[in-house]
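Contents: one structure, followed by commentary.
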Amino acid sequence: MPSTDVTTLIRTELPRLAGSLRKVGELILEDPAAVTHCSAAELGRRTGTSQATVTRFCRAIGLDSYQHLLIELAQERGRGEASDWGSAEIGPDISPDDDLERVVQVVGSADLRAVQQTIDRIDLDAIERAAQATARARRIDVYGVGGSGAVAQETETRLFRIGCAVRGWTEVHAATTSAALLTPADVAVGISHSGATREVIEPFELAKERGATTVAITADPRSPLARVADVRLISSSSETSFRTGSIGARHSVLVLIDCLYVRVAQLAYQRASASLALTDHIAGQHAVKNRRAR
């Protein structure tokens, strides 16, 4: 687990936790800085649980001990204070009375933080494996619904522009039909913030059965989608008032897509260059020309 990501890890794991374990996670997210000054016993009292419950919580999210949690929280706070991409003093909450300047600061800081966390945790080997498979693929399917459907369409647009045989599918019946026709020469990309969206998992699993290389893009490395995948690309999100994790993650997901796209263009340089040369003039031809006033 990247050390920059402990609060994001807790947010990711929280839906899977219940009862007393969930209470511990919620209190930590409410005030991470205050928790760094608590003992395990004190945190247990504050949550109405126990020291043993706090220890079980740490193990449930993949940490060795409560001391490990404290170290991760302190390091994350230190990086936030030293960083020039977002102020650690800007919290995620926006009230109805906040002015526009505050809104811009909160949203901007959250998006920058999510992008930086995604960059910090990028698995270069995973990007390379996904790009190598995509560059040589006979066909590329991209599955996503809702907000992830927009990202699937964006992925199609980028890869299509550099000569890839790609299609973004946002409807489960069409996606599953396409998945059934894939072969080991193909690639399937599944995009889901939660990694638990049935409409994405269904065609993704079928693509896997058909022998296609499967690439999951998700915020949850332990999700059903991630477990099916041959390659996992993990995004981060930073929530604010009025914005759920899936909305906050959009920018960081596009960073992953961009990295994949550029690497594919490098690996298939001649094809990508030829495709761009043949299409570069199109946007200019459809631009409205300025007219002089008479």
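In the structure tokens, the first chain shown is A, the next is B, and so on; residue numbers restart at 1 for each chain, and ligands run from 1 in the order shown.
Residues in contact with A:Ala216 at up to 8 Å, not including ones fewer than 6 positions away on its chain and judged by only C-alpha atoms, are Val189, Gly190, Ile191, Ser192, Leu225, Ala226, Ala229, Asp230, Val231, Arg232 and Leu233 of chain A.
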* Tell me which protein, DNA and RNA residues are within 10 Å of stretch 15-18 of chain A, counting only C-alpha atoms, leaving out same-chain ones fewer than 6 positions away, and put them as a PyMOL selection string. => chain A and resi 24-25+57+60-61
Do a neighbour search on A:Leu73 at 7 Å with only C-alpha atoms, toss out local chain neighbours closer than 3 positions, and write the hits as a PDB file with N, CA, C and O atoms, in the first residue's frame.
```pdb
ATOM      1  N   VAL A   6      -3.430   6.293   2.931  1.00  0.00           N
ATOM      2  CA  VAL A   6      -4.120   5.582   4.001  1.00  0.00           C
ATOM      3  C   VAL A   6      -5.571   6.041   4.168  1.00  0.00           C
ATOM      4  O   VAL A   6      -6.466   5.218   4.368  1.00  0.00           O
ATOM      5  N   PRO A  32      -8.450  12.910  10.975  1.00  0.00           N
ATOM      6  CA  PRO A  32      -7.224  12.103  10.975  1.00  0.00           C
ATOM      7  C   PRO A  32      -6.113  12.694  11.842  1.00  0.00           C
ATOM      8  O   PRO A  32      -5.372  11.955  12.489  1.00  0.00           O
ATOM      9  N   THR A  36      -3.874  10.923  15.349  1.00  0.00           N
ATOM     10  CA  THR A  36      -2.434  10.696  15.497  1.00  0.00           C
ATOM     11  C   THR A  36      -1.961  10.940  16.931  1.00  0.00           C
ATOM     12  O   THR A  36      -0.854  10.543  17.293  1.00  0.00           O
ATOM     13  N   LEU A  69      -0.726   2.348  11.470  1.00  0.00           N
ATOM     14  CA  LEU A  69      -1.743   3.329  11.087  1.00  0.00           C
ATOM     15  C   LEU A  69      -1.309   4.739  11.474  1.00  0.00           C
ATOM     16  O   LEU A  69      -1.424   5.678  10.676  1.00  0.00           O
ATOM     17  N   LEU A  70      -0.802   4.912  12.685  1.00  0.00           N
ATOM     18  CA  LEU A  70      -0.371   6.232  13.144  1.00  0.00           C
ATOM     19  C   LEU A  70       0.758   6.778  12.266  1.00  0.00           C
ATOM     20  O   LEU A  70       0.772   7.981  11.926  1.00  0.00           O
ATOM     21  N   GLU A  76       1.162  11.056   5.832  1.00  0.00           N
ATOM     22  CA  GLU A  76       0.237  11.650   4.870  1.00  0.00           C
ATOM     23  C   GLU A  76      -0.012  13.120   5.192  1.00  0.00           C
ATOM     24  O   GLU A  76      -0.043  13.969   4.304  1.00  0.00           O
ATOM     25  N   ARG A  77      -0.162  13.425   6.473  1.00  0.00           N
ATOM     26  CA  ARG A  77      -0.369  14.806   6.877  1.00  0.00           C
ATOM     27  C   ARG A  77       0.847  15.667   6.550  1.00  0.00           C
ATOM     28  O   ARG A  77       0.725  16.784   6.072  1.00  0.00           O
TER      29      ARG A  77
END
```
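Closest approach to A:Arg113 from the set A:Thr53, A:Ser178, A:Ser95, A:Thr8 is made by A:Thr8, with distances taken over only C-alpha atoms.
Between atom CA of A:Ala34 and atom CA of A:Asp220 lies a distance of 26.2 Å.
In this model, the gap between atom CA of A:Ala265 and atom CA of A:Phe160 comes to 10.9 Å.
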For A:Thr213, the closest of A:Ala268, A:Val253, A:Ala277, A:Val142 counting only C-alpha atoms is A:Val142
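DSSP secondary structure from the backbone places A:Ile140, A:Asp141, A:Val142, A:Tyr143, A:Val166, A:Arg167, A:Gly168, A:Trp169, A:Val187, A:Ala188, A:Val189, A:Gly190, A:Ile191, A:Thr213, A:Thr214, A:Val215, A:Ala216, A:Ile217, A:Thr218, A:Val231, A:Arg232, A:Leu233 of stretch 16-233 of chain A in strand (DSSP E or B).
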With N, CA, C and O atoms retained, write the just-selected residues as a tab-separated table (two decimals), in the first residue's frame.
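What ended up in result35.tsv:
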```tsv
chain	number	residue	atom	x	y	z
A	140	ILE	N	-10.33	-3.91	-29.26
A	140	ILE	CA	-10.33	-3.44	-27.87
A	140	ILE	C	-11.75	-3.07	-27.49
A	140	ILE	O	-12.38	-2.22	-28.13
A	141	ASP	N	-12.28	-3.71	-26.45
A	141	ASP	CA	-13.58	-3.36	-25.88
A	141	ASP	C	-13.34	-2.54	-24.61
A	141	ASP	O	-12.47	-2.88	-23.80
A	142	VAL	N	-14.14	-1.49	-24.42
A	142	VAL	CA	-14.08	-0.71	-23.18
A	142	VAL	C	-15.48	-0.67	-22.59
A	142	VAL	O	-16.42	-0.22	-23.25
A	143	TYR	N	-15.65	-1.15	-21.35
A	143	TYR	CA	-16.96	-1.23	-20.71
A	143	TYR	C	-17.06	-0.21	-19.56
A	143	TYR	O	-16.17	-0.09	-18.73
A	166	VAL	N	-11.15	0.06	-31.62
A	166	VAL	CA	-11.67	0.16	-30.25
A	166	VAL	C	-13.13	0.56	-30.26
A	166	VAL	O	-13.57	1.32	-31.14
A	167	ARG	N	-13.87	0.11	-29.26
A	167	ARG	CA	-15.27	0.50	-29.12
A	167	ARG	C	-15.60	0.62	-27.63
A	167	ARG	O	-15.28	-0.28	-26.85
A	168	GLY	N	-16.20	1.73	-27.26
A	168	GLY	CA	-16.67	1.92	-25.90
A	168	GLY	C	-18.11	1.47	-25.78
A	168	GLY	O	-18.98	1.96	-26.53
A	169	TRP	N	-18.40	0.56	-24.85
A	169	TRP	CA	-19.75	0.02	-24.68
A	169	TRP	C	-20.33	0.49	-23.35
A	169	TRP	O	-19.73	0.29	-22.30
A	187	VAL	N	-8.35	-7.23	-26.27
A	187	VAL	CA	-8.23	-6.62	-24.94
A	187	VAL	C	-9.60	-6.11	-24.51
A	187	VAL	O	-10.34	-5.53	-25.32
A	188	ALA	N	-9.95	-6.31	-23.25
A	188	ALA	CA	-11.17	-5.75	-22.67
A	188	ALA	C	-10.77	-4.87	-21.49
A	188	ALA	O	-10.02	-5.30	-20.61
A	189	VAL	N	-11.28	-3.64	-21.48
A	189	VAL	CA	-11.01	-2.69	-20.40
A	189	VAL	C	-12.32	-2.45	-19.65
A	189	VAL	O	-13.32	-2.05	-20.25
A	190	GLY	N	-12.33	-2.70	-18.35
A	190	GLY	CA	-13.51	-2.45	-17.53
A	190	GLY	C	-13.26	-1.26	-16.62
A	190	GLY	O	-12.24	-1.22	-15.92
A	191	ILE	N	-14.17	-0.28	-16.63
A	191	ILE	CA	-14.00	0.94	-15.84
A	191	ILE	C	-15.14	1.04	-14.84
A	191	ILE	O	-16.31	1.08	-15.21
A	213	THR	N	-7.22	-10.32	-22.95
A	213	THR	CA	-6.49	-9.71	-21.85
A	213	THR	C	-7.41	-8.68	-21.20
A	213	THR	O	-7.96	-7.81	-21.87
A	214	THR	N	-7.59	-8.78	-19.88
A	214	THR	CA	-8.54	-7.91	-19.19
A	214	THR	C	-7.81	-6.88	-18.33
A	214	THR	O	-6.91	-7.22	-17.55
A	215	VAL	N	-8.22	-5.61	-18.49
A	215	VAL	CA	-7.61	-4.49	-17.77
A	215	VAL	C	-8.69	-3.79	-16.97
A	215	VAL	O	-9.66	-3.28	-17.54
A	216	ALA	N	-8.55	-3.76	-15.64
A	216	ALA	CA	-9.53	-3.08	-14.78
A	216	ALA	C	-9.00	-1.72	-14.37
A	216	ALA	O	-7.84	-1.59	-13.97
A	217	ILE	N	-9.87	-0.71	-14.46
A	217	ILE	CA	-9.54	0.63	-13.95
A	217	ILE	C	-10.55	0.93	-12.85
A	217	ILE	O	-11.74	1.10	-13.10
A	218	THR	N	-10.09	0.97	-11.61
A	218	THR	CA	-10.98	1.07	-10.46
A	218	THR	C	-10.23	1.70	-9.29
A	218	THR	O	-9.00	1.72	-9.26
A	231	VAL	N	-4.76	-7.26	-15.45
A	231	VAL	CA	-4.00	-6.05	-15.12
A	231	VAL	C	-4.92	-5.08	-14.39
A	231	VAL	O	-6.07	-4.89	-14.80
A	232	ARG	N	-4.42	-4.47	-13.31
A	232	ARG	CA	-5.22	-3.53	-12.52
A	232	ARG	C	-4.57	-2.16	-12.50
A	232	ARG	O	-3.39	-2.02	-12.13
A	233	LEU	N	-5.32	-1.13	-12.89
A	233	LEU	CA	-4.87	0.27	-12.80
A	233	LEU	C	-5.75	0.94	-11.75
A	233	LEU	O	-6.97	1.00	-11.89
```
Kindly provide the residues of stretch 87-185 of chain A that approach stretch 199-203 of chain A to within 10 Å, each paired with its closest atom pair and their distance in Å to one decimal, based on only C-alpha atoms, listed by chain and increasing number, as JSON lines.
```
{"residue": "A:Asp141", "atom": "CA", "partner": "A:Pro203", "partner_atom": "CA", "distance": 9.6}
{"residue": "A:Val142", "atom": "CA", "partner": "A:Val200", "partner_atom": "CA", "distance": 9.3}
{"residue": "A:Tyr143", "atom": "CA", "partner": "A:Val200", "partner_atom": "CA", "distance": 5.7}
{"residue": "A:Gly144", "atom": "CA", "partner": "A:Val200", "partner_atom": "CA", "distance": 5.8}
{"residue": "A:Val145", "atom": "CA", "partner": "A:Val200", "partner_atom": "CA", "distance": 7.0}
{"residue": "A:Ser148", "atom": "CA", "partner": "A:Val200", "partner_atom": "CA", "distance": 9.5}
{"residue": "A:Gly149", "atom": "CA", "partner": "A:Val200", "partner_atom": "CA", "distance": 9.6}
{"residue": "A:Trp169", "atom": "CA", "partner": "A:Val200", "partner_atom": "CA", "distance": 9.3}
{"residue": "A:Thr170", "atom": "CA", "partner": "A:Val200", "partner_atom": "CA", "distance": 8.5}
{"residue": "A:Glu171", "atom": "CA", "partner": "A:Glu199", "partner_atom": "CA", "distance": 7.7}
{"residue": "A:Val172", "atom": "CA", "partner": "A:Glu199", "partner_atom": "CA", "distance": 5.3}
{"residue": "A:His173", "atom": "CA", "partner": "A:Pro203", "partner_atom": "CA", "distance": 8.5}
{"residue": "A:Ala174", "atom": "CA", "partner": "A:Pro203", "partner_atom": "CA", "distance": 9.1}
{"residue": "A:Ala175", "atom": "CA", "partner": "A:Pro203", "partner_atom": "CA", "distance": 5.9}
{"residue": "A:Thr176", "atom": "CA", "partner": "A:Pro203", "partner_atom": "CA", "distance": 4.4}
{"residue": "A:Thr177", "atom": "CA", "partner": "A:Pro203", "partner_atom": "CA", "distance": 7.9}
{"residue": "A:Ser178", "atom": "CA", "partner": "A:Pro203", "partner_atom": "CA", "distance": 8.1}
{"residue": "A:Ala179", "atom": "CA", "partner": "A:Pro203", "partner_atom": "CA", "distance": 5.6}
{"residue": "A:Ala180", "atom": "CA", "partner": "A:Pro203", "partner_atom": "CA", "distance": 7.9}
```
Counting only C-alpha atoms, closest pick from A:Arg102, A:His251, A:His68, A:Arg121 relative to A:Thr55 is A:His68
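Across A:Glu26, A:Arg139, A:Arg129, A:Ala283, the tightest approach to A:Glu156 is made by A:Arg139 when counting only C-alpha atoms.
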Min atom-atom distance to A:Thr134 from the set A:Leu181, A:Thr47, A:Cys58, A:Val264, counting only C-alpha atoms, belongs to A:Val264
One residue among A:Val228, A:Ile28, A:Ala274, A:Ile234 is nearest to A:Ile257 when using only C-alpha atoms, and that residue is A:Ile234
### A:Asp258 environment, 12 Å, only C-alpha atoms, sequence neighbours closer than 2 positions dropped, as a PyMOL selection string
chain A and resi 119+127+131+151+154-159+251-256+260-265
